$ cat run11.cif   # mmCIF, C-alpha atoms
data_upload
loop_
_atom_site.group_PDB
_atom_site.id
_atom_site.type_symbol
_atom_site.label_atom_id
_atom_site.label_comp_id
_atom_site.auth_asym_id
_atom_site.auth_seq_id
_atom_site.Cartn_x
_atom_site.Cartn_y
_atom_site.Cartn_z
ATOM 1 C CA MET A 1 -94.954 -24.907 -92.416
ATOM 2 C CA LYS A 2 -91.819 -26.573 -93.764
ATOM 3 C CA LEU A 3 -91.356 -28.402 -90.471
ATOM 4 C CA VAL A 4 -94.907 -29.754 -90.699
ATOM 5 C CA ARG A 5 -94.210 -31.057 -94.192
ATOM 6 C CA VAL A 6 -90.988 -32.745 -93.091
ATOM 7 C CA LEU A 7 -92.726 -34.245 -90.072
ATOM 8 C CA SER A 8 -95.604 -35.539 -92.193
ATOM 9 C CA ARG A 9 -93.120 -37.171 -94.575
ATOM 10 C CA LEU A 10 -91.263 -38.688 -91.657
ATOM 11 C CA ALA A 11 -94.555 -40.020 -90.301
ATOM 12 C CA LEU A 12 -95.343 -41.559 -93.688
ATOM 13 C CA LEU A 13 -91.905 -43.185 -93.841
ATOM 14 C CA SER A 14 -92.310 -44.456 -90.273
ATOM 15 C CA LEU A 15 -95.661 -45.940 -91.224
ATOM 16 C CA ALA A 16 -94.101 -47.784 -94.159
ATOM 17 C CA ALA A 17 -91.246 -48.952 -91.917
ATOM 18 C CA ALA A 18 -93.764 -50.109 -89.285
ATOM 19 C CA ALA A 19 -95.548 -52.179 -91.938
ATOM 20 C CA PHE A 20 -92.277 -53.887 -92.875
ATOM 21 C CA VAL A 21 -91.443 -54.401 -89.196
ATOM 22 C CA GLY A 22 -94.826 -56.112 -88.763
ATOM 23 C CA LEU A 23 -94.123 -58.397 -91.706
ATOM 24 C CA THR A 24 -90.640 -59.174 -90.358
ATOM 25 C CA LYS A 25 -92.103 -60.033 -86.968
ATOM 26 C CA ILE A 26 -94.616 -62.420 -88.551
ATOM 27 C CA TYR A 27 -91.816 -64.026 -90.554
ATOM 28 C CA GLY A 28 -89.488 -64.191 -87.549
ATOM 29 C CA ASP A 29 -92.093 -65.762 -85.296
ATOM 30 C CA SER A 30 -92.843 -68.443 -87.865
ATOM 31 C CA ALA A 31 -89.183 -69.206 -88.706
ATOM 32 C CA ARG A 32 -87.392 -72.147 -87.149
ATOM 33 C CA PRO A 33 -84.266 -71.562 -85.096
ATOM 34 C CA PRO A 34 -81.161 -72.411 -87.140
ATOM 35 C CA LEU A 35 -78.976 -75.381 -86.413
ATOM 36 C CA LEU A 36 -75.535 -74.069 -85.536
ATOM 37 C CA TYR A 37 -73.005 -76.427 -86.977
ATOM 38 C CA PRO A 38 -69.714 -76.913 -85.093
ATOM 39 C CA GLY A 39 -67.660 -75.434 -87.924
ATOM 40 C CA PHE A 40 -69.378 -72.046 -87.608
ATOM 41 C CA PRO A 41 -66.480 -69.596 -87.055
ATOM 42 C CA ALA A 42 -66.209 -68.329 -83.486
ATOM 43 C CA LYS A 43 -65.491 -64.777 -84.665
ATOM 44 C CA PHE A 44 -69.024 -64.686 -86.099
ATOM 45 C CA ARG A 45 -70.630 -66.639 -83.263
ATOM 46 C CA HIS A 46 -69.111 -64.387 -80.596
ATOM 47 C CA PRO A 47 -67.704 -61.301 -82.314
ATOM 48 C CA PRO A 48 -65.408 -59.063 -80.273
ATOM 49 C CA PRO A 49 -67.074 -56.008 -78.693
ATOM 50 C CA ALA A 50 -64.229 -53.687 -79.695
ATOM 51 C CA PRO A 51 -62.914 -53.062 -83.234
ATOM 52 C CA ARG A 52 -60.047 -55.241 -84.421
ATOM 53 C CA ALA A 53 -57.733 -53.783 -87.029
ATOM 54 C CA SER A 54 -56.383 -57.259 -87.783
ATOM 55 C CA GLU A 55 -59.805 -58.151 -89.249
ATOM 56 C CA PHE A 56 -59.575 -55.427 -91.891
ATOM 57 C CA THR A 57 -59.717 -58.130 -94.567
ATOM 58 C CA GLU A 58 -63.383 -58.663 -93.612
ATOM 59 C CA LEU A 59 -64.156 -55.112 -94.711
ATOM 60 C CA VAL A 60 -62.217 -55.623 -97.940
ATOM 61 C CA ARG A 61 -64.071 -58.902 -98.547
ATOM 62 C CA TYR A 62 -67.498 -57.334 -98.222
ATOM 63 C CA SER A 63 -66.467 -54.255 -100.210
ATOM 64 C CA ILE A 64 -65.400 -56.575 -103.049
ATOM 65 C CA ALA A 65 -68.703 -58.475 -102.752
ATOM 66 C CA PHE A 66 -70.581 -55.165 -102.921
ATOM 67 C CA ALA A 67 -68.565 -54.084 -105.955
ATOM 68 C CA ILE A 68 -69.298 -57.403 -107.698
ATOM 69 C CA PHE A 69 -73.049 -56.922 -107.211
ATOM 70 C CA ALA A 70 -72.816 -53.291 -108.344
ATOM 71 C CA VAL A 71 -70.864 -54.161 -111.500
ATOM 72 C CA GLY A 72 -73.108 -57.173 -112.185
ATOM 73 C CA GLY A 73 -76.185 -55.024 -111.750
ATOM 74 C CA ARG A 74 -74.699 -52.332 -113.968
ATOM 75 C CA LEU A 75 -74.081 -54.826 -116.764
ATOM 76 C CA ALA A 76 -77.547 -56.372 -116.391
ATOM 77 C CA PHE A 77 -79.355 -53.034 -116.320
ATOM 78 C CA ARG A 78 -77.375 -51.691 -119.250
ATOM 79 C CA LEU A 79 -78.146 -54.762 -121.301
ATOM 80 C CA ARG A 80 -81.805 -55.075 -120.422
ATOM 81 C CA LEU A 81 -83.078 -51.600 -119.659
ATOM 82 C CA ASN A 82 -81.295 -49.274 -122.018
ATOM 83 C CA PRO A 83 -83.124 -48.622 -125.249
ATOM 84 C CA ALA A 84 -81.558 -49.829 -128.458
ATOM 85 C CA SER A 85 -79.096 -47.383 -129.952
ATOM 86 C CA PRO A 86 -80.390 -45.336 -132.917
ATOM 87 C CA SER A 87 -77.833 -46.937 -135.235
ATOM 88 C CA GLU A 88 -79.102 -50.421 -134.418
ATOM 89 C CA GLY A 89 -81.065 -51.972 -137.271
ATOM 90 C CA GLN A 90 -80.147 -49.258 -139.768
ATOM 91 C CA PRO A 91 -78.902 -50.395 -143.174
ATOM 92 C CA ILE A 92 -75.235 -49.854 -143.837
ATOM 93 C CA LEU A 93 -74.769 -47.541 -146.795
ATOM 94 C CA LEU A 94 -71.912 -48.640 -148.974
ATOM 95 C CA GLY A 95 -72.167 -45.754 -151.418
ATOM 96 C CA LEU A 96 -72.365 -48.095 -154.418
ATOM 97 C CA HIS A 97 -74.988 -45.913 -156.085
ATOM 98 C CA ARG A 98 -72.446 -43.154 -156.613
ATOM 99 C CA GLY A 99 -70.708 -42.872 -159.943
ATOM 100 C CA ARG A 100 -67.230 -44.091 -160.727
ATOM 101 C CA GLN A 101 -66.054 -40.481 -160.847
ATOM 102 C CA ASP A 102 -65.947 -40.529 -157.058
ATOM 103 C CA PHE A 103 -63.188 -43.112 -157.217
ATOM 104 C CA GLN A 104 -59.828 -41.448 -156.784
ATOM 105 C CA PRO A 105 -56.947 -43.939 -157.004
ATOM 106 C CA MET B 1 -73.811 -35.240 -121.110
ATOM 107 C CA ARG B 2 -75.916 -38.293 -121.767
ATOM 108 C CA THR B 3 -79.682 -38.044 -121.915
ATOM 109 C CA ASP B 4 -80.257 -40.717 -119.249
ATOM 110 C CA THR B 5 -78.013 -38.759 -116.866
ATOM 111 C CA LEU B 6 -80.190 -35.723 -117.340
ATOM 112 C CA THR B 7 -83.326 -37.762 -116.810
ATOM 113 C CA VAL B 8 -82.042 -39.313 -113.607
ATOM 114 C CA VAL B 9 -80.805 -36.024 -112.197
ATOM 115 C CA GLU B 10 -83.996 -34.217 -113.137
ATOM 116 C CA ALA B 11 -86.113 -36.985 -111.643
ATOM 117 C CA ARG B 12 -84.536 -36.399 -108.254
ATOM 118 C CA GLY B 13 -86.363 -33.132 -107.799
ATOM 119 C CA THR B 14 -88.986 -31.190 -109.645
ATOM 120 C CA ALA B 15 -87.754 -27.824 -108.427
ATOM 121 C CA LYS B 16 -84.146 -26.616 -108.429
ATOM 122 C CA PRO B 17 -82.697 -27.825 -105.181
ATOM 123 C CA ALA B 18 -79.803 -25.930 -103.715
ATOM 124 C CA GLN B 19 -76.234 -26.934 -104.433
ATOM 125 C CA GLY B 20 -75.868 -27.662 -100.735
ATOM 126 C CA ARG B 21 -78.662 -30.201 -100.870
ATOM 127 C CA LEU B 22 -77.020 -32.038 -103.757
ATOM 128 C CA LYS B 23 -73.745 -32.107 -101.854
ATOM 129 C CA ALA B 24 -75.447 -33.352 -98.712
ATOM 130 C CA SER B 25 -77.304 -36.012 -100.691
ATOM 131 C CA PHE B 26 -74.117 -37.132 -102.436
ATOM 132 C CA TRP B 27 -72.035 -37.380 -99.259
ATOM 133 C CA LEU B 28 -74.866 -39.114 -97.439
ATOM 134 C CA SER B 29 -75.000 -41.702 -100.229
ATOM 135 C CA VAL B 30 -71.226 -42.220 -99.977
ATOM 136 C CA THR B 31 -71.481 -42.616 -96.181
ATOM 137 C CA LEU B 32 -74.308 -45.104 -96.622
ATOM 138 C CA LEU B 33 -72.233 -47.113 -99.095
ATOM 139 C CA VAL B 34 -69.272 -47.318 -96.703
ATOM 140 C CA SER B 35 -71.570 -48.082 -93.746
ATOM 141 C CA VAL B 36 -73.326 -50.925 -95.573
ATOM 142 C CA CYS B 37 -69.960 -52.591 -96.256
ATOM 143 C CA ALA B 38 -68.697 -51.922 -92.721
ATOM 144 C CA MET B 39 -71.887 -53.308 -91.180
ATOM 145 C CA ARG B 40 -71.169 -56.745 -92.609
ATOM 146 C CA ALA B 41 -67.582 -56.802 -91.326
ATOM 147 C CA VAL B 42 -68.545 -57.347 -87.668
ATOM 148 C CA PRO B 43 -65.203 -58.904 -86.608
ATOM 149 C CA PHE B 44 -63.514 -55.728 -87.908
ATOM 150 C CA THR B 45 -65.867 -53.100 -86.446
ATOM 151 C CA GLY B 46 -66.613 -54.963 -83.238
ATOM 152 C CA LEU B 47 -70.104 -55.604 -81.918
ATOM 153 C CA ALA B 48 -70.520 -52.303 -80.060
ATOM 154 C CA LEU B 49 -69.723 -50.139 -83.095
ATOM 155 C CA HIS B 50 -71.829 -52.466 -85.252
ATOM 156 C CA ASP B 51 -74.840 -51.869 -82.977
ATOM 157 C CA TRP B 52 -74.504 -48.086 -82.968
ATOM 158 C CA LEU B 53 -73.713 -47.925 -86.675
ATOM 159 C CA GLY B 54 -76.836 -49.999 -87.370
ATOM 160 C CA LEU B 55 -79.023 -47.509 -85.540
ATOM 161 C CA ALA B 56 -77.327 -44.624 -87.322
ATOM 162 C CA LEU B 57 -77.851 -46.431 -90.636
ATOM 163 C CA GLY B 58 -81.611 -46.443 -90.013
ATOM 164 C CA GLY B 59 -81.525 -42.658 -89.540
ATOM 165 C CA MET B 60 -79.340 -42.184 -92.606
ATOM 166 C CA VAL B 61 -81.744 -44.245 -94.739
ATOM 167 C CA PHE B 62 -84.665 -42.084 -93.577
ATOM 168 C CA THR B 63 -82.727 -38.919 -94.462
ATOM 169 C CA HIS B 64 -81.727 -40.409 -97.820
ATOM 170 C CA LEU B 65 -85.394 -41.095 -98.549
ATOM 171 C CA LEU B 66 -86.376 -37.573 -97.504
ATOM 172 C CA PHE B 67 -83.836 -36.194 -99.983
ATOM 173 C CA SER B 68 -85.447 -38.306 -102.714
ATOM 174 C CA ARG B 69 -89.032 -37.487 -101.737
ATOM 175 C CA SER B 70 -89.895 -35.753 -105.048
ATOM 176 C CA TRP B 71 -88.849 -38.784 -107.078
ATOM 177 C CA ILE B 72 -90.674 -41.190 -104.724
ATOM 178 C CA ALA B 73 -93.862 -39.098 -104.806
ATOM 179 C CA ALA B 74 -93.785 -38.658 -108.587
ATOM 180 C CA VAL B 75 -93.194 -42.351 -109.340
ATOM 181 C CA SER B 76 -95.645 -43.579 -106.676
ATOM 182 C CA ARG B 77 -98.435 -41.550 -108.278
ATOM 183 C CA ARG B 78 -97.831 -42.913 -111.752
ATOM 184 C CA LEU B 79 -96.241 -46.302 -111.153
ATOM 185 C CA PHE B 80 -98.804 -48.288 -113.102
ATOM 186 C CA THR B 81 -99.486 -45.785 -115.859
ATOM 187 C CA ALA B 82 -96.821 -43.812 -117.662
ATOM 188 C CA GLN B 83 -93.494 -45.134 -116.415
ATOM 189 C CA SER B 84 -90.623 -46.791 -118.218
ATOM 190 C CA ALA B 85 -89.509 -50.319 -117.311
ATOM 191 C CA ARG B 86 -86.322 -48.866 -115.858
ATOM 192 C CA THR B 87 -88.228 -46.543 -113.506
ATOM 193 C CA ARG B 88 -90.545 -49.349 -112.389
ATOM 194 C CA ILE B 89 -87.639 -51.704 -111.696
ATOM 195 C CA ASN B 90 -85.801 -48.915 -109.867
ATOM 196 C CA TYR B 91 -88.882 -48.257 -107.732
ATOM 197 C CA LEU B 92 -89.408 -51.931 -106.840
ATOM 198 C CA LEU B 93 -85.692 -52.325 -106.153
ATOM 199 C CA ASN B 94 -85.744 -49.327 -103.798
ATOM 200 C CA LEU B 95 -88.844 -50.654 -102.059
ATOM 201 C CA SER B 96 -87.200 -54.059 -101.566
ATOM 202 C CA LEU B 97 -84.046 -52.377 -100.276
ATOM 203 C CA PHE B 98 -86.071 -50.326 -97.810
ATOM 204 C CA ALA B 99 -87.851 -53.502 -96.643
ATOM 205 C CA ALA B 100 -84.547 -55.374 -96.260
ATOM 206 C CA VAL B 101 -82.886 -52.537 -94.336
ATOM 207 C CA THR B 102 -85.939 -52.127 -92.078
ATOM 208 C CA ALA B 103 -86.000 -55.851 -91.358
ATOM 209 C CA ALA B 104 -82.232 -55.914 -90.718
ATOM 210 C CA VAL B 105 -82.405 -52.917 -88.359
ATOM 211 C CA TYR B 106 -85.445 -54.319 -86.524
ATOM 212 C CA SER B 107 -83.909 -57.777 -86.068
ATOM 213 C CA GLY B 108 -80.651 -56.073 -85.084
ATOM 214 C CA ILE B 109 -82.494 -54.145 -82.363
ATOM 215 C CA LEU B 110 -83.961 -57.415 -81.066
ATOM 216 C CA ILE B 111 -80.526 -59.042 -80.707
ATOM 217 C CA SER B 112 -78.604 -55.899 -79.733
ATOM 218 C CA ARG B 113 -76.132 -56.443 -76.888
ATOM 219 C CA HIS B 114 -74.682 -52.922 -76.626
ATOM 220 C CA ALA B 115 -76.698 -50.044 -78.135
ATOM 221 C CA ILE B 116 -80.252 -50.949 -77.098
ATOM 222 C CA PRO B 117 -79.360 -52.085 -73.543
ATOM 223 C CA ALA B 118 -77.364 -48.837 -73.158
ATOM 224 C CA LEU B 119 -80.279 -46.725 -74.398
ATOM 225 C CA ALA B 120 -82.895 -48.629 -72.409
ATOM 226 C CA GLY B 121 -80.710 -48.885 -69.301
ATOM 227 C CA THR B 122 -81.106 -52.646 -69.129
ATOM 228 C CA LYS B 123 -78.712 -55.559 -69.036
ATOM 229 C CA PRO B 124 -77.895 -57.281 -72.323
ATOM 230 C CA PRO B 125 -79.532 -60.683 -72.806
ATOM 231 C CA TRP B 126 -77.513 -63.549 -71.379
ATOM 232 C CA ASP B 127 -77.614 -65.666 -74.515
ATOM 233 C CA MET B 128 -77.971 -64.821 -78.193
ATOM 234 C CA ASP B 129 -81.353 -65.403 -79.853
ATOM 235 C CA TRP B 130 -80.018 -67.449 -82.745
ATOM 236 C CA ARG B 131 -83.319 -67.418 -84.639
ATOM 237 C CA TRP B 132 -83.354 -63.612 -84.889
ATOM 238 C CA HIS B 133 -79.596 -63.623 -85.410
ATOM 239 C CA SER B 134 -80.051 -65.828 -88.453
ATOM 240 C CA ILE B 135 -82.882 -63.626 -89.773
ATOM 241 C CA HIS B 136 -80.734 -60.543 -89.178
ATOM 242 C CA ALA B 137 -77.868 -62.070 -91.171
ATOM 243 C CA ARG B 138 -80.184 -63.005 -94.033
ATOM 244 C CA PHE B 139 -81.744 -59.559 -94.362
ATOM 245 C CA ALA B 140 -78.354 -57.857 -93.969
ATOM 246 C CA LEU B 141 -77.014 -59.946 -96.847
ATOM 247 C CA ALA B 142 -80.098 -59.084 -98.926
ATOM 248 C CA ALA B 143 -79.497 -55.413 -98.108
ATOM 249 C CA ILE B 144 -75.891 -55.503 -99.332
ATOM 250 C CA ILE B 145 -76.907 -57.245 -102.582
ATOM 251 C CA LEU B 146 -79.772 -54.822 -103.209
ATOM 252 C CA SER B 147 -77.510 -51.865 -102.320
ATOM 253 C CA GLY B 148 -75.138 -53.007 -105.064
ATOM 254 C CA PHE B 149 -78.027 -53.083 -107.544
ATOM 255 C CA HIS B 150 -79.274 -49.724 -106.228
ATOM 256 C CA LEU B 151 -75.867 -48.198 -106.942
ATOM 257 C CA ALA B 152 -75.822 -49.842 -110.361
ATOM 258 C CA ILE B 153 -79.184 -48.505 -111.500
ATOM 259 C CA ASN B 154 -78.460 -44.997 -110.159
ATOM 260 C CA TRP B 155 -74.892 -44.891 -111.459
ATOM 261 C CA GLU B 156 -75.629 -41.993 -113.843
ATOM 262 C CA TRP B 157 -76.885 -39.894 -110.942
ATOM 263 C CA VAL B 158 -73.780 -40.744 -108.900
ATOM 264 C CA LEU B 159 -71.509 -39.725 -111.787
ATOM 265 C CA ALA B 160 -73.421 -36.514 -112.482
ATOM 266 C CA ALA B 161 -73.604 -35.570 -108.795
ATOM 267 C CA GLY B 162 -69.927 -36.478 -108.300
ATOM 268 C CA GLN B 163 -68.890 -34.261 -111.209
ATOM 269 C CA LYS B 164 -71.002 -31.450 -109.798
ATOM 270 C CA VAL B 165 -69.566 -31.857 -106.304
ATOM 271 C CA PHE B 166 -65.913 -32.246 -107.254
ATOM 272 C CA ARG B 167 -65.752 -30.132 -110.382
ATOM 273 C CA ARG B 168 -67.593 -26.905 -111.029
ATOM 274 C CA VAL B 169 -68.590 -26.883 -114.701
ATOM 275 C CA PRO B 170 -69.598 -23.336 -115.737
ATOM 276 C CA GLY B 171 -72.864 -23.020 -117.623
ATOM 277 C CA LYS B 172 -74.117 -26.515 -116.779
ATOM 278 C CA GLU B 173 -77.166 -26.423 -114.569
ATOM 279 C CA TRP B 174 -77.958 -30.081 -114.014
ATOM 280 C CA VAL B 175 -80.204 -29.761 -111.003
#

$ encode --input "run11.cif" --output "structure tokens"
Amino acid sequence: MKLVRVLSRLALLSLAAAAFVGLTKIYGDSARPPLLYPGFPAKFRHPPPAPRASEFTELVRYSIAFAIFAVGGRLAFRLRLNPASPSEGQPILLGLHRGRQDFQP
Amino acid sequence: MRTDTLTVVEARGTAKPAQGRLKASFWLSVTLLVSVCAMRAVPFTGLALHDWLGLALGGMVFTHLLFSRSWIAAVSRRLFTAQSARTRINYLLNLSLFAAVTAAVYSGILISRHAIPALAGTKPPWDMDWRWHSIHARFALAAIILSGFHLAINWEWVLAAGQKVFRRVPGKEWV
């Protein structure tokens, strides 16, 4: 029974993925081929088939880019989506209504 | 613990999932994060590993979505009625991320020079299809941006799950 449920969920996910694949295909078929400019780096045009440890900086670069988007998103979502704090908009009580006997020099 | 942390963790499942499931979900999310970054660094990983990792990423995303099925089902049912702005944005963000990853994996399959020819037993195409290559790069970039936002909006869950995985806090039943 559990297997049937998992399979049905997988089928549903596959259906959603198939819909997006269809949309991508429509978009891809209508898109123009890009113009490859001469300055396009060869390591991206023809990347090596095997891993290259010397290109570790690429991983660092994209990890930093990911972190920037994550931190940026965190700031934006905190600012825009979090409800106002309960103390916001409350009057500040200065305690001026209390008598002078409270004053202890 | 903050209230929004509780809400996010509770929203992940209506029932009490096992501790093992939370661990699996957490480590899968961490693996996905590392994979998304590694996928962009093609000169570092090499094209062959990039191809295979891309296919694996598709499977990992499916599993990740299966782990979050309760949340997806609950929000899908009531998206336009009783949901907060945060939940709606989170839902649309996740949907966009799923679309971007699907498009990136599909276009990656079309231009694959190692994994798909090896699986299909065919020869890799002689020349690169630069149109699909360009589309693949665009959707992959969109996926990394949206993944960053996805991490940002689910940060409370990551913190709560991380604390649960790395530190056993007695008497705190979060999930």

$ resolve_selection --input "run11.cif" --expression "the PyMOL selection byres ((chain B) within 8 of (chain A))" --output "PDB file with C-alpha atoms, keeping the file's coordinate frame"
ATOM      1  CA  CYS B  37     -69.960 -52.591 -96.256  1.00  0.00           C
ATOM      2  CA  ALA B  38     -68.697 -51.922 -92.721  1.00  0.00           C
ATOM      3  CA  ARG B  40     -71.169 -56.745 -92.609  1.00  0.00           C
ATOM      4  CA  ALA B  41     -67.582 -56.802 -91.326  1.00  0.00           C
ATOM      5  CA  VAL B  42     -68.545 -57.347 -87.668  1.00  0.00           C
ATOM      6  CA  PRO B  43     -65.203 -58.904 -86.608  1.00  0.00           C
ATOM      7  CA  PHE B  44     -63.514 -55.728 -87.908  1.00  0.00           C
ATOM      8  CA  THR B  45     -65.867 -53.100 -86.446  1.00  0.00           C
ATOM      9  CA  GLY B  46     -66.613 -54.963 -83.238  1.00  0.00           C
ATOM     10  CA  LEU B  47     -70.104 -55.604 -81.918  1.00  0.00           C
ATOM     11  CA  ALA B  48     -70.520 -52.303 -80.060  1.00  0.00           C
ATOM     12  CA  LEU B  49     -69.723 -50.139 -83.095  1.00  0.00           C
ATOM     13  CA  PHE B  62     -84.665 -42.084 -93.577  1.00  0.00           C
ATOM     14  CA  LEU B  66     -86.376 -37.573 -97.504  1.00  0.00           C
ATOM     15  CA  ALA B  85     -89.509 -50.319-117.311  1.00  0.00           C
ATOM     16  CA  ARG B  86     -86.322 -48.866-115.858  1.00  0.00           C
ATOM     17  CA  PHE B  98     -86.071 -50.326 -97.810  1.00  0.00           C
ATOM     18  CA  ALA B  99     -87.851 -53.502 -96.643  1.00  0.00           C
ATOM     19  CA  THR B 102     -85.939 -52.127 -92.078  1.00  0.00           C
ATOM     20  CA  ALA B 103     -86.000 -55.851 -91.358  1.00  0.00           C
ATOM     21  CA  TYR B 106     -85.445 -54.319 -86.524  1.00  0.00           C
ATOM     22  CA  TRP B 130     -80.018 -67.449 -82.745  1.00  0.00           C
ATOM     23  CA  ARG B 131     -83.319 -67.418 -84.639  1.00  0.00           C
ATOM     24  CA  TRP B 132     -83.354 -63.612 -84.889  1.00  0.00           C
ATOM     25  CA  SER B 134     -80.051 -65.828 -88.453  1.00  0.00           C
ATOM     26  CA  ILE B 135     -82.882 -63.626 -89.773  1.00  0.00           C
ATOM     27  CA  ILE B 144     -75.891 -55.503 -99.332  1.00  0.00           C
ATOM     28  CA  ILE B 145     -76.907 -57.245-102.582  1.00  0.00           C
ATOM     29  CA  SER B 147     -77.510 -51.865-102.320  1.00  0.00           C
ATOM     30  CA  GLY B 148     -75.138 -53.007-105.064  1.00  0.00           C
ATOM     31  CA  PHE B 149     -78.027 -53.083-107.544  1.00  0.00           C
ATOM     32  CA  HIS B 150     -79.274 -49.724-106.228  1.00  0.00           C
ATOM     33  CA  LEU B 151     -75.867 -48.198-106.942  1.00  0.00           C
ATOM     34  CA  ALA B 152     -75.822 -49.842-110.361  1.00  0.00           C
ATOM     35  CA  ILE B 153     -79.184 -48.505-111.500  1.00  0.00           C
ATOM     36  CA  TRP B 155     -74.892 -44.891-111.459  1.00  0.00           C
TER      37      TRP B 155
END

$ atom_distance --input "run11.cif" --atom1 "CA of Pro117 in chain B" --atom2 "CA of Leu33 in chain B"
27.0 Å

$ closest_residue --input "run11.cif" --among "B:Val36, B:His50, B:Ala56, B:Leu159" --to "Leu141 in chain B" --atoms "all atoms listed in the file"
B:Val36

$ atom_distance --input "run11.cif" --atom1 "CA of Val75 in chain B" --atom2 "CA of Val101 in chain B"
20.9 Å

$ residues_around --input "run11.cif" --residues "Phe26 in chain B" --least-positions-apart "5" --cutoff "10 Å" --atoms "only C-alpha atoms" --output "JSON, numbers by chain"
{"B": [20, 21, 31, 32, 64, 157, 158, 161, 162, 164, 165]}

$ write_last_selection --input "run11.cif" --atoms "C-alpha atoms" --output "PDB file, in the frame of the given file"
ATOM      1  CA  GLY B  20     -75.868 -27.662-100.735  1.00  0.00           C
ATOM      2  CA  ARG B  21     -78.662 -30.201-100.870  1.00  0.00           C
ATOM      3  CA  THR B  31     -71.481 -42.616 -96.181  1.00  0.00           C
ATOM      4  CA  LEU B  32     -74.308 -45.104 -96.622  1.00  0.00           C
ATOM      5  CA  HIS B  64     -81.727 -40.409 -97.820  1.00  0.00           C
ATOM      6  CA  TRP B 157     -76.885 -39.894-110.942  1.00  0.00           C
ATOM      7  CA  VAL B 158     -73.780 -40.744-108.900  1.00  0.00           C
ATOM      8  CA  ALA B 161     -73.604 -35.570-108.795  1.00  0.00           C
ATOM      9  CA  GLY B 162     -69.927 -36.478-108.300  1.00  0.00           C
ATOM     10  CA  LYS B 164     -71.002 -31.450-109.798  1.00  0.00           C
ATOM     11  CA  VAL B 165     -69.566 -31.857-106.304  1.00  0.00           C
TER      12      VAL B 165
END

$ residues_near_point --input "run11.cif" --point "(-75.5, -67.2, -73.6)" --cutoff "12 Å" --atoms "all atoms listed in the file" --output "VMD selection string"
(chain A and resid 45 to 46) or (chain B and resid 111 113 124 to 130)

$ residues_near_point --input "run11.cif" --point "(-93.6, -42.2, -107.1)" --cutoff "12 Å" --atoms "all atoms listed in the file" --output "PyMOL selection string"
chain B and resi 11-13+65+68-83+87-88+90-92+94-95

$ atom_distance --input "run11.cif" --atom1 "CA of Ala143 in chain B" --atom2 "CA of Leu97 in chain B"
5.9 Å

$ closest_residue --input "run11.cif" --among "B:Phe67, B:Phe166, B:Phe139, B:Trp52" --to "Ser25 in chain B" --atoms "all atoms listed in the file"
B:Phe67
